[in-house]
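Following: one structure in structure tokens, then a few remarks.
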Amino acid sequence: MSDNRDADAKSTQQIHHEYVPPPGFAAVAPALHRASTVLFEDVAAMRASHWLDKNTYTYGLHGTPTSFTLEARLATLEGGTHAMLVPSGLAAIALVDQSLLSSGDTVLIPANAYFPNKSLAAHELARWGIAHRFYDPMDVESLRAALGDDVKLVWIEPPGSVTLEFPDLRGLVRAVRAHAPRATVALDNTWGSGLAFDAFDLDPGATPALGVDLTIHALTKYPSGGADVMMGSVVLRSQALHDQLALTHCRLGLGVGPNDVELVLRGLQTVALRYAAQDAATRRIAQWALGRKEFVRVLHPATSGSPGHAHWAAQCRAAAGLLTLVFDPAIAPERIDRFVDDLRLFGIGWSWAGPMSLAVPYRPDSGRVGDYPGTLVRLSIGLEDAGDLIRDLESALEGLARA
């Protein structure tokens, strides 16, 4: 029988090696820390730690230096003081709903909201005895009429998910504060990304301050920028509200992978530059689209005539990279599908804010396009040259005319 003691000793040496890298290493990229187990100096240190205290570490699921760094940077980006990470933007919506709502409560959702938010309310929340009502985000009176003592959470989403109407954010928040002061106001800030407007300070200089209570963000979009990460966040200013959500976050066991955190941290360093570039290209394409006879409307918040343009102009300093083309109702939906198929630089796929431009058609009967009679095509403008994208669109329109 061979003696395995030397092999065993080498295994022990590798696990308990005495080498510790010298301090003082500095680099542009934050360090990547992977851990499930977090080691404590002694039992007293273990017992003194608490996972809500981000000055200490307890377990990998509750945070590492890498995830804490991303949370701090996201809070700064959006104007909050606290942040937590979840596996997706939809997971952030679900976390807020599950933490703040109980049986008998009601949540208000804008009629043009991200469809999975509405679907979650119609199924899981309804099964748990939580009611929901939709309101017209372009009509503050519609929200005011929907408010009541049963309303505990109000979602705001600027602009609309597909139709891109930009609401009166100040008017909506003021209505909630005046008529349902105990309700929490949550804003989906994926489009704004902390760059287009300040969700926690909608009216600088106002007394009292006017802002939302929390934001959710699909970090999959602009913060990542690479179309290769799924992640979401919740950002807040209130310590008490943070702790309430953090307890639910803990009980649900929500966590994100450190490699994905690393990618978002890398993307954040260029998010403002990419956002500005995609914004500028989208405005150029929107102006081109206004001159085309195939489109009866061009929906883009920074474009004059788009629903809510005046609200956008009063509130925002940027407009992201989305625009929606409303085709002439006389053009059959099948022909518009062919138009999308003929595009060569636009991928066909969900999501947006990555380097590749995308196109997705929405038919009038899809339930996601409001009162628009024609087929809609939402474009996500990437980082290609805007002139090349316009030529691609023109080529596909030529094919549409021949169809």
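Chain identifiers are assigned as A, B, and so on, following the order in which chains appear in the structure tokens; residues are numbered from 1 within each chain, and ligands are numbered from 1 in order of appearance.
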Strand (DSSP E or B) residues, from DSSP on the backbone, in region 41-204 of chain A, as a PyMOL selection string: chain A and resi 59+82-86+106-110+131-135+151-156+184-188
Mind running region 266-348 of chain A against region 138-158 of chain A at 10 Å and telling me each contacting residue's nearest atom pair with the distance in Å (one decimal), counting only C-alpha atoms, chain and number ascending, as a tab-separated table?
residue	atom	partner	partner_atom	distance
A:Pro301	CA	A:Pro158	CA	9.7
A:Pro307	CA	A:Met138	CA	8.3
A:Gly308	CA	A:Met138	CA	7.3
A:His311	CA	A:Met138	CA	9.7
A:Trp312	CA	A:Pro158	CA	9.2
Exercise: region 33-38 of chain A partners within 10 Å, only C-alpha atoms, chain neighbours under 2 positions left out, as a list in words: Pro30, Ala31, Phe40, Met46, Tyr57, Thr58, Tyr59, Gly60, Leu61, His62, Gly63, Thr64, Pro65, Thr66, Ser67, Gly257, Pro258, Asn259, Val261 and Glu262 of chain A
Interatomic distance (Å, one decimal) between CA of Trp352 (chain A) and CA of Phe295 (chain A):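 We find that CA of Trp352 (chain A) and CA of Phe295 (chain A) lie 21.8 Å from each other.
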Surrounding residues of Ala218 (chain A) excluding itself and chain neighbours under 3 positions, 7 Å, only C-alpha atoms, as a list in words: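 With the cut-off at 7 Å, the set is Ser88, Gly89, Thr190, Lys221, Met231, Gly232 and Ser233 of chain A.
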Since we have the selection now, will you write its residues out, keeping N, CA and C atoms, as a PDB file, in the first residue's frame?
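Okay, this is what ended up in again12.pdb:
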ATOM      1  N   SER A  88     -32.239  40.371 -11.750  1.00  0.00           N
ATOM      2  CA  SER A  88     -32.752  41.003 -12.970  1.00  0.00           C
ATOM      3  C   SER A  88     -33.583  42.219 -12.595  1.00  0.00           C
ATOM      4  N   GLY A  89     -33.951  43.008 -13.606  1.00  0.00           N
ATOM      5  CA  GLY A  89     -34.841  44.139 -13.354  1.00  0.00           C
ATOM      6  C   GLY A  89     -36.202  43.683 -12.874  1.00  0.00           C
ATOM      7  N   THR A 190     -34.863  52.428 -15.452  1.00  0.00           N
ATOM      8  CA  THR A 190     -34.015  51.773 -16.437  1.00  0.00           C
ATOM      9  C   THR A 190     -33.726  52.689 -17.621  1.00  0.00           C
ATOM     10  N   LYS A 221     -29.313  46.652 -18.863  1.00  0.00           N
ATOM     11  CA  LYS A 221     -29.344  47.626 -19.945  1.00  0.00           C
ATOM     12  C   LYS A 221     -28.089  48.514 -19.915  1.00  0.00           C
ATOM     13  N   MET A 231     -29.034  41.442 -14.474  1.00  0.00           N
ATOM     14  CA  MET A 231     -28.929  41.931 -13.094  1.00  0.00           C
ATOM     15  C   MET A 231     -29.877  43.101 -12.912  1.00  0.00           C
ATOM     16  N   GLY A 232     -30.295  43.338 -11.677  1.00  0.00           N
ATOM     17  CA  GLY A 232     -31.134  44.478 -11.360  1.00  0.00           C
ATOM     18  C   GLY A 232     -30.721  45.080 -10.035  1.00  0.00           C
ATOM     19  N   SER A 233     -31.317  46.222  -9.709  1.00  0.00           N
ATOM     20  CA  SER A 233     -30.991  46.881  -8.447  1.00  0.00           C
ATOM     21  C   SER A 233     -32.197  47.624  -7.916  1.00  0.00           C
TER      22      SER A 233
END
Restrict the calculation to only C-alpha atoms, then for each residue of region 108-144 of chain A with any atom at most 12 Å from an atom of region 186-189 of chain A give the closest atom pair and their distance in Å to one decimal, rows by chain and rising residue number, as CSV.
residue,atom,partner,partner_atom,distance
A:Leu108,CA,A:Ala186,CA,10.2
A:Ile109,CA,A:Ala186,CA,10.0
A:Pro110,CA,A:Leu187,CA,10.7
A:Ala113,CA,A:Asp188,CA,9.2
A:Tyr114,CA,A:Asp188,CA,9.1
A:Asn117,CA,A:Asp188,CA,10.3
Writer output for current selection, C-alpha atoms, as a short mmCIF file (atom, residue, chain, number, x, y, z; two decimals), in the first residue's frame:
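Generated file (part_1.cif):
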data_model
loop_
_atom_site.label_atom_id
_atom_site.label_comp_id
_atom_site.auth_asym_id
_atom_site.auth_seq_id
_atom_site.Cartn_x
_atom_site.Cartn_y
_atom_site.Cartn_z
CA LEU A 108 -51.17 51.18 -8.90
CA ILE A 109 -49.39 50.59 -12.22
CA PRO A 110 -49.24 52.86 -15.28
CA ALA A 113 -45.80 49.95 -18.07
CA TYR A 114 -43.33 47.14 -18.70
CA ASN A 117 -44.81 44.18 -14.12
#
Interatomic distance, CA of Leu299 (chain A) to CA of Ile390 (chain A) (Å, one decimal): 16.6 Å
Contact residues around Leu214 (chain A) with only C-alpha atoms at 8 Å, ignoring same-chain residues under 5 positions, as a PyMOL selection string: chain A and resi 185-187+200+234-237
Writing out the chosen residues with N, CA and C atoms as a PDB file, in the first residue's frame:
ATOM      1  N   VAL A 185     -43.716  55.424  -3.357  1.00  0.00           N
ATOM      2  CA  VAL A 185     -43.607  55.715  -4.782  1.00  0.00           C
ATOM      3  C   VAL A 185     -42.338  55.061  -5.311  1.00  0.00           C
ATOM      4  N   ALA A 186     -42.519  54.140  -6.256  1.00  0.00           N
ATOM      5  CA  ALA A 186     -41.395  53.415  -6.856  1.00  0.00           C
ATOM      6  C   ALA A 186     -41.311  53.765  -8.331  1.00  0.00           C
ATOM      7  N   LEU A 187     -40.130  54.043  -8.811  1.00  0.00           N
ATOM      8  CA  LEU A 187     -39.939  54.450 -10.200  1.00  0.00           C
ATOM      9  C   LEU A 187     -38.981  53.496 -10.896  1.00  0.00           C
ATOM     10  N   PHE A 200     -34.715  61.232  -7.295  1.00  0.00           N
ATOM     11  CA  PHE A 200     -34.888  61.577  -5.879  1.00  0.00           C
ATOM     12  C   PHE A 200     -34.937  63.086  -5.649  1.00  0.00           C
ATOM     13  N   VAL A 234     -32.159  47.880  -6.636  1.00  0.00           N
ATOM     14  CA  VAL A 234     -33.092  48.792  -5.969  1.00  0.00           C
ATOM     15  C   VAL A 234     -32.242  49.843  -5.272  1.00  0.00           C
ATOM     16  N   VAL A 235     -32.568  51.116  -5.478  1.00  0.00           N
ATOM     17  CA  VAL A 235     -31.834  52.219  -4.857  1.00  0.00           C
ATOM     18  C   VAL A 235     -32.808  53.027  -4.012  1.00  0.00           C
ATOM     19  N   LEU A 236     -32.353  53.420  -2.819  1.00  0.00           N
ATOM     20  CA  LEU A 236     -33.212  54.146  -1.875  1.00  0.00           C
ATOM     21  C   LEU A 236     -32.400  55.199  -1.136  1.00  0.00           C
ATOM     22  N   ARG A 237     -33.125  56.069  -0.425  1.00  0.00           N
ATOM     23  CA  ARG A 237     -32.488  57.017   0.494  1.00  0.00           C
ATOM     24  C   ARG A 237     -32.826  56.707   1.948  1.00  0.00           C
TER      25      ARG A 237
END
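For the choices A:Arg133, A:Arg317, A:Arg283, A:His82, the atom-to-atom distance to Leu195 (chain A) is smallest for A:Arg317 when using only C-alpha atoms.
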Neighbour list for region 226-229 of chain A as a list in words, cut-off 8 Å, only C-alpha atoms, skip fewer than 2 positions in-chain: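 Non-adjacent residues within range: Leu219, Thr220, Lys221, Ser224, Met231, Asp260, Leu263, Val264, Gly267, Trp352, Ala353, Gly354 and Pro355 of chain A.
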Output C-alpha atoms for every residue in the selection just made, as a tab-separated table (two decimals), in the first residue's frame.
chain	number	residue	atom	x	y	z
A	219	LEU	CA	-28.66	46.80	-14.89
A	220	THR	CA	-28.89	44.48	-17.87
A	221	LYS	CA	-29.34	47.63	-19.94
A	224	SER	CA	-23.79	46.72	-18.28
A	231	MET	CA	-28.93	41.93	-13.09
A	260	ASP	CA	-21.51	39.54	-13.41
A	263	LEU	CA	-18.84	43.19	-15.71
A	264	VAL	CA	-21.35	45.81	-14.52
A	267	GLY	CA	-19.59	49.01	-17.78
A	352	TRP	CA	-31.90	47.21	-25.37
A	353	ALA	CA	-28.91	49.47	-24.58
A	354	GLY	CA	-26.29	47.04	-25.86
A	355	PRO	CA	-23.76	47.74	-28.62
Polymer residues at most 12 Å from Ser119 (chain A), only C-alpha atoms, same-chain spacing of 6 or more positions, as JSON, numbers by chain: {"A": [90, 93, 94, 109, 111, 113, 125, 126, 132, 134, 367, 368]}
Export, as a PDB file, in the first residue's frame, the selected residues with N, CA and C atoms.
ATOM      1  N   LEU A  90     -36.719  42.608 -13.462  1.00  0.00           N
ATOM      2  CA  LEU A  90     -38.009  42.080 -13.016  1.00  0.00           C
ATOM      3  C   LEU A  90     -37.924  41.571 -11.585  1.00  0.00           C
ATOM      4  N   ILE A  93     -38.473  44.473  -9.345  1.00  0.00           N
ATOM      5  CA  ILE A  93     -39.892  44.802  -9.214  1.00  0.00           C
ATOM      6  C   ILE A  93     -40.568  43.831  -8.245  1.00  0.00           C
ATOM      7  N   ALA A  94     -40.294  42.548  -8.411  1.00  0.00           N
ATOM      8  CA  ALA A  94     -40.910  41.536  -7.547  1.00  0.00           C
ATOM      9  C   ALA A  94     -40.491  41.715  -6.098  1.00  0.00           C
ATOM     10  N   ILE A 109     -50.378  50.800 -11.158  1.00  0.00           N
ATOM     11  CA  ILE A 109     -49.391  50.592 -12.216  1.00  0.00           C
ATOM     12  C   ILE A 109     -49.802  51.413 -13.427  1.00  0.00           C
ATOM     13  N   ALA A 111     -50.647  52.334 -17.158  1.00  0.00           N
ATOM     14  CA  ALA A 111     -51.218  51.470 -18.196  1.00  0.00           C
ATOM     15  C   ALA A 111     -50.213  51.109 -19.272  1.00  0.00           C
ATOM     16  N   ALA A 113     -46.982  50.455 -18.756  1.00  0.00           N
ATOM     17  CA  ALA A 113     -45.797  49.950 -18.071  1.00  0.00           C
ATOM     18  C   ALA A 113     -45.218  48.706 -18.729  1.00  0.00           C
ATOM     19  N   LEU A 125     -49.520  38.372  -7.574  1.00  0.00           N
ATOM     20  CA  LEU A 125     -50.047  39.287  -6.562  1.00  0.00           C
ATOM     21  C   LEU A 125     -51.537  39.049  -6.328  1.00  0.00           C
ATOM     22  N   ALA A 126     -52.283  38.813  -7.391  1.00  0.00           N
ATOM     23  CA  ALA A 126     -53.718  38.559  -7.256  1.00  0.00           C
ATOM     24  C   ALA A 126     -53.968  37.295  -6.437  1.00  0.00           C
ATOM     25  N   HIS A 132     -54.725  45.295  -7.874  1.00  0.00           N
ATOM     26  CA  HIS A 132     -53.999  46.271  -8.666  1.00  0.00           C
ATOM     27  C   HIS A 132     -54.984  47.060  -9.511  1.00  0.00           C
ATOM     28  N   PHE A 134     -54.862  50.052 -12.856  1.00  0.00           N
ATOM     29  CA  PHE A 134     -54.039  50.775 -13.822  1.00  0.00           C
ATOM     30  C   PHE A 134     -54.503  52.225 -13.880  1.00  0.00           C
ATOM     31  N   GLY A 367     -51.886  44.148 -27.228  1.00  0.00           N
ATOM     32  CA  GLY A 367     -52.185  44.575 -25.870  1.00  0.00           C
ATOM     33  C   GLY A 367     -51.094  45.416 -25.245  1.00  0.00           C
ATOM     34  N   ARG A 368     -50.080  45.790 -26.017  1.00  0.00           N
ATOM     35  CA  ARG A 368     -48.959  46.540 -25.457  1.00  0.00           C
ATOM     36  C   ARG A 368     -48.747  47.895 -26.112  1.00  0.00           C
TER      37      ARG A 368
END
How close does region 162-188 of chain A get to region 369-379 of chain A? List, as a tab-separated table, each residue of region 162-188 of chain A within 10 Å, its nearest atom pair and the distance in Å to one decimal, counting only C-alpha atoms.
residue	atom	partner	partner_atom	distance
A:Val162	CA	A:Val369	CA	6.6
A:Thr163	CA	A:Val369	CA	6.2
A:Leu164	CA	A:Arg378	CA	9.5
